[in-house]
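Visitor: Sending over structure-v3.pdb (PDB, C-alpha atoms, pLDDT in the B column).
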```pdb
ATOM      1  CA  ASP Q   1      12.312  -6.777 -13.111  1.00 56.00           C
ATOM      2  CA  ASP Q   2       9.312  -8.808 -12.018  1.00 62.00           C
ATOM      3  CA  VAL Q   3       9.643 -12.533 -11.504  1.00 65.00           C
ATOM      4  CA  VAL Q   4       6.690 -14.738 -12.442  1.00 66.00           C
ATOM      5  CA  ILE Q   5       5.998 -17.891 -10.456  1.00 69.00           C
ATOM      6  CA  ASN Q   6       3.805 -20.543 -12.049  1.00 74.00           C
ATOM      7  CA  LYS Q   7       3.834 -23.204  -9.337  1.00 75.00           C
ATOM      8  CA  LYS Q   8       1.316 -23.310  -6.495  1.00 74.00           C
ATOM      9  CA  ALA Q   9       2.775 -22.873  -3.030  1.00 70.00           C
ATOM     10  CA  MET Q  10       1.450 -24.516   0.101  1.00 80.00           C
ATOM     11  CA  ASP Q  11      -1.650 -22.899   1.545  1.00 86.00           C
ATOM     12  CA  LEU Q  12      -0.660 -19.720   3.329  1.00 87.00           C
ATOM     13  CA  ILE Q  13      -2.112 -18.096   6.425  1.00 92.00           C
ATOM     14  CA  ALA Q  14      -1.075 -14.434   6.463  1.00 91.00           C
ATOM     15  CA  ILE Q  15      -1.243 -12.434   9.693  1.00 92.00           C
ATOM     16  CA  ASN Q  16      -0.897  -8.708   9.186  1.00 90.00           C
ATOM     17  CA  THR Q  17       1.117  -6.899  11.863  1.00 92.00           C
ATOM     18  CA  THR Q  18       1.646  -3.409  10.405  1.00 92.00           C
ATOM     19  CA  ALA Q  19      -1.473  -2.024   8.640  1.00 92.00           C
ATOM     20  CA  GLY Q  20       0.375  -0.946   5.538  1.00 91.00           C
ATOM     21  CA  THR Q  21       1.579  -3.488   3.021  1.00 90.00           C
ATOM     22  CA  ALA Q  22      -1.680  -5.383   2.432  1.00 92.00           C
ATOM     23  CA  SER Q  23       0.455  -8.382   1.558  1.00 88.00           C
ATOM     24  CA  GLU Q  24      -2.176 -10.593   3.150  1.00 90.00           C
ATOM     25  CA  VAL Q  25      -4.563  -9.825   0.273  1.00 90.00           C
ATOM     26  CA  THR Q  26      -2.277  -9.328  -2.710  1.00 89.00           C
ATOM     27  CA  ARG Q  27      -0.392 -11.526  -5.144  1.00 86.00           C
ATOM     28  CA  VAL Q  28       2.877  -9.658  -4.772  1.00 84.00           C
ATOM     29  CA  ALA Q  29       5.928 -10.330  -2.635  1.00 83.00           C
ATOM     30  CA  VAL Q  30       8.997  -8.094  -2.593  1.00 87.00           C
ATOM     31  CA  VAL Q  31      12.449  -9.414  -1.767  1.00 89.00           C
ATOM     32  CA  THR Q  32      15.513  -7.221  -1.262  1.00 90.00           C
ATOM     33  CA  ASP Q  33      18.930  -8.407  -2.410  1.00 92.00           C
ATOM     34  CA  PRO Q  34      21.381  -6.550  -0.135  1.00 92.00           C
ATOM     35  CA  VAL Q  35      24.336  -7.448  -2.358  1.00 94.00           C
ATOM     36  CA  SER Q  36      22.963  -5.887  -5.543  1.00 94.00           C
ATOM     37  CA  LYS Q  37      20.925  -3.330  -3.540  1.00 94.00           C
ATOM     38  CA  ARG Q  38      17.850  -4.161  -5.606  1.00 92.00           C
ATOM     39  CA  LYS Q  39      14.303  -5.115  -4.795  1.00 90.00           C
ATOM     40  CA  PHE Q  40      12.533  -7.778  -6.815  1.00 86.00           C
ATOM     41  CA  ALA Q  41       8.765  -8.101  -7.060  1.00 83.00           C
ATOM     42  CA  PHE Q  42       7.350 -11.584  -7.352  1.00 81.00           C
ATOM     43  CA  LYS Q  43       3.826 -11.620  -8.773  1.00 82.00           C
ATOM     44  CA  THR Q  44       1.703 -14.724  -8.788  1.00 82.00           C
ATOM     45  CA  LYS Q  45      -1.768 -15.825  -7.826  1.00 84.00           C
ATOM     46  CA  HIS Q  46      -0.067 -18.791  -6.187  1.00 83.00           C
ATOM     47  CA  ILE Q  47       0.995 -16.736  -3.143  1.00 84.00           C
ATOM     48  CA  LEU Q  48      -2.464 -15.438  -2.290  1.00 88.00           C
ATOM     49  CA  ALA Q  49      -3.240 -16.297   1.300  1.00 90.00           C
ATOM     50  CA  ALA Q  50      -5.906 -18.926   1.933  1.00 91.00           C
ATOM     51  CA  ILE Q  51      -6.665 -17.125   5.196  1.00 92.00           C
ATOM     52  CA  ALA Q  52      -5.897 -13.489   5.972  1.00 92.00           C
ATOM     53  CA  VAL Q  53      -5.941 -12.266   9.568  1.00 93.00           C
ATOM     54  CA  ASN Q  54      -6.160  -8.565  10.364  1.00 92.00           C
ATOM     55  CA  ASP Q  55      -6.144  -8.047  14.127  1.00 95.00           C
ATOM     56  CA  PRO Q  56      -5.476  -4.436  15.183  1.00 96.00           C
ATOM     57  CA  GLU Q  57      -4.468  -5.608  18.677  1.00 96.00           C
ATOM     58  CA  LEU Q  58      -1.297  -7.030  17.113  1.00 95.00           C
ATOM     59  CA  MET Q  59      -0.311  -3.488  16.076  1.00 96.00           C
ATOM     60  CA  THR Q  60      -0.662  -1.575  19.335  1.00 96.00           C
ATOM     61  CA  SER Q  61       3.028  -1.918  20.220  1.00 94.00           C
ATOM     62  CA  LEU Q  62       4.350  -0.661  16.865  1.00 95.00           C
ATOM     63  CA  PRO Q  63       6.648   2.355  17.209  1.00 97.00           C
ATOM     64  CA  LYS Q  64       5.334   5.675  15.914  1.00 97.00           C
ATOM     65  CA  GLY Q  65       7.759   5.751  12.977  1.00 97.00           C
ATOM     66  CA  LEU Q  66       6.728   2.298  11.788  1.00 96.00           C
ATOM     67  CA  THR Q  67       3.053   3.160  12.213  1.00 98.00           C
ATOM     68  CA  ALA Q  68       3.528   6.327  10.153  1.00 98.00           C
ATOM     69  CA  GLY Q  69       5.623   4.622   7.478  1.00 97.00           C
ATOM     70  CA  THR Q  70       3.314   1.667   6.947  1.00 97.00           C
ATOM     71  CA  GLY Q  71       0.347   4.032   6.952  1.00 98.00           C
ATOM     72  CA  MET Q  72       2.005   6.036   4.199  1.00 98.00           C
ATOM     73  CA  ASP Q  73       2.512   2.828   2.237  1.00 97.00           C
ATOM     74  CA  ALA Q  74      -1.233   2.161   2.510  1.00 98.00           C
ATOM     75  CA  LEU Q  75      -2.018   5.743   1.484  1.00 98.00           C
ATOM     76  CA  THR Q  76       0.302   5.459  -1.499  1.00 98.00           C
ATOM     77  CA  HIS Q  77      -1.355   2.183  -2.556  1.00 97.00           C
ATOM     78  CA  ALA Q  78      -4.723   3.908  -2.486  1.00 98.00           C
ATOM     79  CA  VAL Q  79      -3.615   7.101  -4.261  1.00 98.00           C
ATOM     80  CA  GLU Q  80      -1.745   5.238  -6.990  1.00 97.00           C
ATOM     81  CA  SER Q  81      -4.552   2.770  -7.635  1.00 97.00           C
ATOM     82  CA  LEU Q  82      -7.021   5.672  -7.764  1.00 98.00           C
ATOM     83  CA  VAL Q  83      -5.219   7.184 -10.770  1.00 97.00           C
ATOM     84  CA  ALA Q  84      -4.084   3.923 -12.376  1.00 96.00           C
ATOM     85  CA  LYS Q  85      -5.095   3.521 -16.007  1.00 95.00           C
ATOM     86  CA  THR Q  86      -6.140  -0.040 -15.188  1.00 96.00           C
ATOM     87  CA  GLY Q  87      -8.515   1.075 -12.436  1.00 96.00           C
ATOM     88  CA  TYR Q  88     -12.284   0.846 -12.594  1.00 97.00           C
ATOM     89  CA  THR Q  89     -15.307   1.716 -10.438  1.00 97.00           C
ATOM     90  CA  LEU Q  90     -14.660  -0.835  -7.679  1.00 97.00           C
ATOM     91  CA  THR Q  91     -10.953  -0.029  -7.332  1.00 97.00           C
ATOM     92  CA  GLU Q  92     -11.800   3.685  -7.249  1.00 97.00           C
ATOM     93  CA  GLU Q  93     -14.379   3.204  -4.489  1.00 98.00           C
ATOM     94  CA  LEU Q  94     -11.976   1.065  -2.447  1.00 98.00           C
ATOM     95  CA  ALA Q  95      -9.188   3.610  -2.896  1.00 98.00           C
ATOM     96  CA  LEU Q  96     -11.347   6.581  -1.912  1.00 98.00           C
ATOM     97  CA  SER Q  97     -12.711   4.796   1.154  1.00 98.00           C
ATOM     98  CA  ALA Q  98      -9.171   3.861   2.218  1.00 98.00           C
ATOM     99  CA  ILE Q  99      -7.888   7.404   1.676  1.00 98.00           C
ATOM    100  CA  LYS Q 100     -10.703   8.871   3.764  1.00 98.00           C
ATOM    101  CA  LEU Q 101      -9.965   6.508   6.668  1.00 98.00           C
ATOM    102  CA  ILE Q 102      -6.203   7.017   6.456  1.00 98.00           C
ATOM    103  CA  PHE Q 103      -6.498  10.804   6.508  1.00 98.00           C
ATOM    104  CA  LYS Q 104      -8.721  10.586   9.582  1.00 98.00           C
ATOM    105  CA  TYR Q 105      -7.056   7.811  11.559  1.00 98.00           C
ATOM    106  CA  LEU Q 106      -3.350   7.649  10.684  1.00 98.00           C
ATOM    107  CA  PRO Q 107      -2.502  10.755  12.773  1.00 98.00           C
ATOM    108  CA  VAL Q 108      -4.470   9.285  15.675  1.00 98.00           C
ATOM    109  CA  ALA Q 109      -2.751   5.885  15.424  1.00 98.00           C
ATOM    110  CA  VAL Q 110       0.669   7.561  15.299  1.00 98.00           C
ATOM    111  CA  ALA Q 111      -0.102   9.791  18.298  1.00 98.00           C
ATOM    112  CA  ASP Q 112      -1.632   6.986  20.379  1.00 98.00           C
ATOM    113  CA  GLY Q 113      -0.752   3.474  19.281  1.00 97.00           C
ATOM    114  CA  SER Q 114      -3.144   1.986  21.830  1.00 97.00           C
ATOM    115  CA  ASN Q 115      -6.188   3.733  20.313  1.00 98.00           C
ATOM    116  CA  MET Q 116      -8.136   0.699  19.107  1.00 98.00           C
ATOM    117  CA  GLU Q 117     -10.579   2.712  17.000  1.00 98.00           C
ATOM    118  CA  ALA Q 118      -7.682   4.182  15.018  1.00 98.00           C
ATOM    119  CA  ARG Q 119      -5.845   0.860  14.763  1.00 98.00           C
ATOM    120  CA  ASP Q 120      -8.997  -0.911  13.589  1.00 97.00           C
ATOM    121  CA  ALA Q 121      -9.710   1.801  11.009  1.00 98.00           C
ATOM    122  CA  MET Q 122      -6.127   1.674   9.713  1.00 98.00           C
ATOM    123  CA  THR Q 123      -6.310  -2.105   9.448  1.00 97.00           C
ATOM    124  CA  TYR Q 124      -9.470  -1.817   7.383  1.00 97.00           C
ATOM    125  CA  ALA Q 125      -8.076   1.065   5.299  1.00 98.00           C
ATOM    126  CA  GLN Q 126      -4.890  -0.773   4.339  1.00 97.00           C
ATOM    127  CA  TYR Q 127      -6.975  -3.843   3.486  1.00 96.00           C
ATOM    128  CA  MET Q 128      -9.161  -1.799   1.112  1.00 97.00           C
ATOM    129  CA  ALA Q 129      -6.089  -0.092  -0.369  1.00 97.00           C
ATOM    130  CA  GLY Q 130      -4.569  -3.536  -0.944  1.00 95.00           C
ATOM    131  CA  MET Q 131      -7.697  -4.790  -2.672  1.00 95.00           C
ATOM    132  CA  SER Q 132      -7.645  -1.662  -4.831  1.00 97.00           C
ATOM    133  CA  PHE Q 133      -4.012  -1.790  -5.915  1.00 95.00           C
ATOM    134  CA  GLY Q 134      -4.138  -5.569  -6.199  1.00 92.00           C
ATOM    135  CA  ASN Q 135      -6.623  -5.061  -9.021  1.00 94.00           C
ATOM    136  CA  ALA Q 136      -5.622  -1.680 -10.460  1.00 95.00           C
ATOM    137  CA  ASN Q 137      -1.850  -1.723  -9.800  1.00 91.00           C
ATOM    138  CA  CYS Q 138       0.512   0.866  -8.380  1.00 92.00           C
ATOM    139  CA  GLY Q 139       2.480   3.457 -10.295  1.00 93.00           C
ATOM    140  CA  ILE Q 140       5.557   5.634 -10.453  1.00 95.00           C
ATOM    141  CA  VAL Q 141       5.829   6.146  -6.677  1.00 97.00           C
ATOM    142  CA  HIS Q 142       6.196   2.460  -5.934  1.00 94.00           C
ATOM    143  CA  GLY Q 143       8.498   1.899  -8.873  1.00 92.00           C
ATOM    144  CA  MET Q 144      10.840   4.602  -7.621  1.00 96.00           C
ATOM    145  CA  ALA Q 145      10.410   3.725  -3.918  1.00 96.00           C
ATOM    146  CA  HIS Q 146      11.523   0.148  -4.528  1.00 93.00           C
ATOM    147  CA  ALA Q 147      14.625   1.315  -6.369  1.00 94.00           C
ATOM    148  CA  VAL Q 148      15.556   4.000  -3.819  1.00 96.00           C
ATOM    149  CA  GLY Q 149      14.737   1.816  -0.818  1.00 95.00           C
ATOM    150  CA  GLY Q 150      16.737  -1.099  -2.154  1.00 93.00           C
ATOM    151  CA  TYR Q 151      19.754   0.991  -3.037  1.00 95.00           C
ATOM    152  CA  TYR Q 152      19.882   3.057   0.162  1.00 95.00           C
ATOM    153  CA  ASN Q 153      18.373   0.450   2.504  1.00 93.00           C
ATOM    154  CA  LEU Q 154      15.553   2.804   3.500  1.00 95.00           C
ATOM    155  CA  PRO Q 155      12.100   1.824   4.801  1.00 95.00           C
ATOM    156  CA  HIS Q 156       9.559   1.451   2.031  1.00 95.00           C
ATOM    157  CA  GLY Q 157       6.931   3.642   3.693  1.00 96.00           C
ATOM    158  CA  LEU Q 158       9.430   6.463   4.157  1.00 97.00           C
ATOM    159  CA  CYS Q 159      10.397   6.292   0.484  1.00 97.00           C
ATOM    160  CA  ASN Q 160       6.722   6.404  -0.482  1.00 97.00           C
ATOM    161  CA  ALA Q 161       6.095   9.390   1.795  1.00 97.00           C
ATOM    162  CA  ILE Q 162       8.990  11.324   0.254  1.00 98.00           C
ATOM    163  CA  LEU Q 163       8.147  10.447  -3.354  1.00 98.00           C
ATOM    164  CA  LEU Q 164       4.347  10.713  -3.283  1.00 98.00           C
ATOM    165  CA  PRO Q 165       4.037  14.542  -3.500  1.00 98.00           C
ATOM    166  CA  PRO Q 166       6.438  15.086  -6.441  1.00 98.00           C
ATOM    167  CA  CYS Q 167       5.015  12.068  -8.288  1.00 97.00           C
ATOM    168  CA  MET Q 168       1.482  13.374  -7.813  1.00 97.00           C
ATOM    169  CA  GLU Q 169       2.656  16.712  -9.194  1.00 97.00           C
ATOM    170  CA  TYR Q 170       4.181  14.923 -12.190  1.00 97.00           C
ATOM    171  CA  ASN Q 171       0.932  12.983 -12.723  1.00 96.00           C
ATOM    172  CA  CYS Q 172      -0.946  16.283 -12.908  1.00 96.00           C
ATOM    173  CA  GLY Q 173       0.180  16.372 -16.539  1.00 95.00           C
ATOM    174  CA  SER Q 174      -2.727  13.982 -17.098  1.00 95.00           C
ATOM    175  CA  PRO Q 175      -6.217  15.546 -17.054  1.00 96.00           C
ATOM    176  CA  VAL Q 176      -7.626  12.240 -15.772  1.00 95.00           C
ATOM    177  CA  ALA Q 177      -5.203  12.223 -12.830  1.00 96.00           C
ATOM    178  CA  VAL Q 178      -6.150  15.829 -12.019  1.00 97.00           C
ATOM    179  CA  GLN Q 179      -9.831  14.836 -11.932  1.00 97.00           C
ATOM    180  CA  LYS Q 180      -9.070  11.882  -9.649  1.00 97.00           C
ATOM    181  CA  TYR Q 181      -6.947  14.037  -7.321  1.00 98.00           C
ATOM    182  CA  ALA Q 182      -9.798  16.565  -7.158  1.00 97.00           C
ATOM    183  CA  LEU Q 183     -12.177  13.747  -6.259  1.00 97.00           C
ATOM    184  CA  MET Q 184      -9.727  12.607  -3.571  1.00 97.00           C
ATOM    185  CA  ALA Q 185      -9.485  16.152  -2.166  1.00 97.00           C
ATOM    186  CA  ARG Q 186     -13.275  16.403  -1.928  1.00 97.00           C
ATOM    187  CA  THR Q 187     -13.380  13.024  -0.197  1.00 96.00           C
ATOM    188  CA  VAL Q 188     -11.001  14.042   2.588  1.00 96.00           C
ATOM    189  CA  ALA Q 189     -12.287  17.620   2.982  1.00 92.00           C
TER     190      ALA Q 189
END
```
Re-express the file's structure as structure tokens.

Guide:
Amino acid sequence: DDVVINKKAMDLIAINTTAGTASEVTRVAVVTDPVSKRKFAFKTKHILAAIAVNDPELMTSLPKGLTAGTGMDALTHAVESLVAKTGYTLTEELALSAIKLIFKYLPVAVADGSNMEARDAMTYAQYMAGMSFGNANCGIVHGMAHAVGGYYNLPHGLCNAILLPPCMEYNCGSPVAVQKYALMARTVA
């Protein structure tokens, strides 16, 4: 259940430290209630950051698992926004550009967290994925990942990584999704 907030918050400066969530450029915040084991999404334009800082140097000390998981969150944002019914030309271009960078640089960033080229590319990729899903929305993967992650207290990126392949297979029931996945495959080939 989404919660809507209609009151402006104080100006926010968001400093990204993971290259995955894109929360510095979106109007969504997710809060986990450990008692009910549920995650709640808060959506409002009032939590958009006035200033967003993406500095890849802040990410060089991230452990490999966190780098991989947050990268998979960014990839899932891009893939889901690519096939979203609410997407359009700009969100598609952002998603495809993000996917291309993630396929190239996520393995490098995981293997060598101090590789600044990879960290910079992942920072840019997650930013573009965030701009894409912030306008086109996410889909079944995120809906299920929030539920599973909240209930089992699992990292969001891991849940996305596990759920993305079967959800993409399910989405192949849509001819439009198949066309978009084919476009994605050509982009990363």

Visitor: Could you tell me which residues the PyMOL selection byres ((chain Q and resi 160) around 7) returns for this structure, as a PyMOL selection string?

Guide: chain Q and resi 72-73+76+141-142+145+156-159+161-164

Visitor: Contacts of range 86-100 of chain Q at 6 Å or less, counting all atoms listed in the file, minus same-chain residues fewer than 3 places along, as an mmCIF file with C-alpha atoms, in the coordinates of the input?

Guide:
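The resulting file, result.cif, is shown below:
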```
data_model
loop_
_atom_site.group_PDB
_atom_site.id
_atom_site.type_symbol
_atom_site.label_atom_id
_atom_site.label_comp_id
_atom_site.auth_asym_id
_atom_site.auth_seq_id
_atom_site.Cartn_x
_atom_site.Cartn_y
_atom_site.Cartn_z
ATOM 1 C CA ALA Q 78 -4.723 3.908 -2.486
ATOM 2 C CA LEU Q 82 -7.021 5.672 -7.764
ATOM 3 C CA PHE Q 103 -6.498 10.804 6.508
ATOM 4 C CA ALA Q 125 -8.076 1.065 5.299
ATOM 5 C CA MET Q 128 -9.161 -1.799 1.112
ATOM 6 C CA ALA Q 129 -6.089 -0.092 -0.369
ATOM 7 C CA SER Q 132 -7.645 -1.662 -4.831
ATOM 8 C CA ALA Q 136 -5.622 -1.680 -10.460
ATOM 9 C CA VAL Q 188 -11.001 14.042 2.588
#
```

Visitor: Report, as JSON, the centre and edge lengths in Å (one decimal) of the axis-aligned box enclosing every listed atom of range 6-22 of chain Q, padded by 3 Å on each side.

Guide:
```
{"center_x": 0.9, "center_y": -12.7, "center_z": -0.1, "size_x": 11.9, "size_y": 29.6, "size_z": 29.9}
```

Visitor: Quick check on the file I pasted: which residues fall under the PyMOL selection byres ((chain Q and resi 19) around 10)? Write them as a CSV table (one decimal) with C-alpha atoms, in the frame of the given file.

Guide:
```
chain,number,residue,atom,x,y,z
Q,16,ASN,CA,-0.9,-8.7,9.2
Q,17,THR,CA,1.1,-6.9,11.9
Q,18,THR,CA,1.6,-3.4,10.4
Q,20,GLY,CA,0.4,-0.9,5.5
Q,21,THR,CA,1.6,-3.5,3.0
Q,22,ALA,CA,-1.7,-5.4,2.4
Q,23,SER,CA,0.5,-8.4,1.6
Q,54,ASN,CA,-6.2,-8.6,10.4
Q,55,ASP,CA,-6.1,-8.0,14.1
Q,56,PRO,CA,-5.5,-4.4,15.2
Q,58,LEU,CA,-1.3,-7.0,17.1
Q,59,MET,CA,-0.3,-3.5,16.1
Q,66,LEU,CA,6.7,2.3,11.8
Q,67,THR,CA,3.1,3.2,12.2
Q,68,ALA,CA,3.5,6.3,10.2
Q,69,GLY,CA,5.6,4.6,7.5
Q,70,THR,CA,3.3,1.7,6.9
Q,71,GLY,CA,0.3,4.0,7.0
Q,72,MET,CA,2.0,6.0,4.2
Q,73,ASP,CA,2.5,2.8,2.2
Q,74,ALA,CA,-1.2,2.2,2.5
Q,119,ARG,CA,-5.8,0.9,14.8
Q,120,ASP,CA,-9.0,-0.9,13.6
Q,121,ALA,CA,-9.7,1.8,11.0
Q,122,MET,CA,-6.1,1.7,9.7
Q,123,THR,CA,-6.3,-2.1,9.4
Q,124,TYR,CA,-9.5,-1.8,7.4
Q,125,ALA,CA,-8.1,1.1,5.3
Q,126,GLN,CA,-4.9,-0.8,4.3
Q,127,TYR,CA,-7.0,-3.8,3.5
```

Visitor: What's the 8 Å shell around Glu24 in chain Q, counting all atoms listed in the file, without same-chain residues fewer than 5 positions away, as number ranges by chain?

Guide: Q: 14-16, 48-49, 52-53

Visitor: For range 52-134 of chain Q versus range 174-177 of chain Q, which residues have an atom no more than 12 Å away, and what is each residue's nearest atom pair and distance in Å rounded to one decimal, using all atoms listed in the file, chain-then-number order, as CSV?

Guide:
```
residue,atom,partner,partner_atom,distance
Q:Val79,CA,Q:Ala177,CA,10.1
Q:Glu80,CA,Q:Ala177,CA,9.7
Q:Ser81,CA,Q:Ala177,CA,10.8
Q:Leu82,CA,Q:Ala177,CA,8.5
Q:Val83,CA,Q:Ala177,CA,5.4
Q:Ala84,CA,Q:Ala177,CA,8.4
Q:Lys85,CA,Q:Val176,CA,9.1
Q:Gly87,CA,Q:Ala177,CA,11.6
```

Visitor: For each of Q:Asn137, Q:Ala118, Q:Lys7, Q:Leu183, take the minimum atom-to-atom distance to Leu101 in chain Q, counting all atoms listed in the file, then give the residue where this is smallest.

Guide: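 Looking only at the distances to Leu101 in chain Q, the closest residue turns out to be Q:Ala118.
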
Visitor: Determine the residue set returned by the PyMOL selection byres ((chain Q and resi 152) around 12) for the present structure, and present it as a PyMOL selection string.

Guide: chain Q and resi 32-39+145-151+153-156+158-159

Visitor: To one decimal place in Å, what is the distance between CA of Ala9 in chain Q and CA of His46 in chain Q?

Guide: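 Going from CA of Ala9 in chain Q over to CA of His46 in chain Q, I get 5.9 Å.
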
Visitor: Could you jot down the CA of Asn171 in chain Q to CA of Ile140 in chain Q separation for me, Å, one decimal place?

Guide: 9.0 Å

Visitor: Give me, as number ranges by chain, all polymer residues having an atom no more than 8 Å from Val31 in chain Q, counting only C-alpha atoms and skipping those fewer than 5 positions away in the same chain.

Guide: Q: 39-42
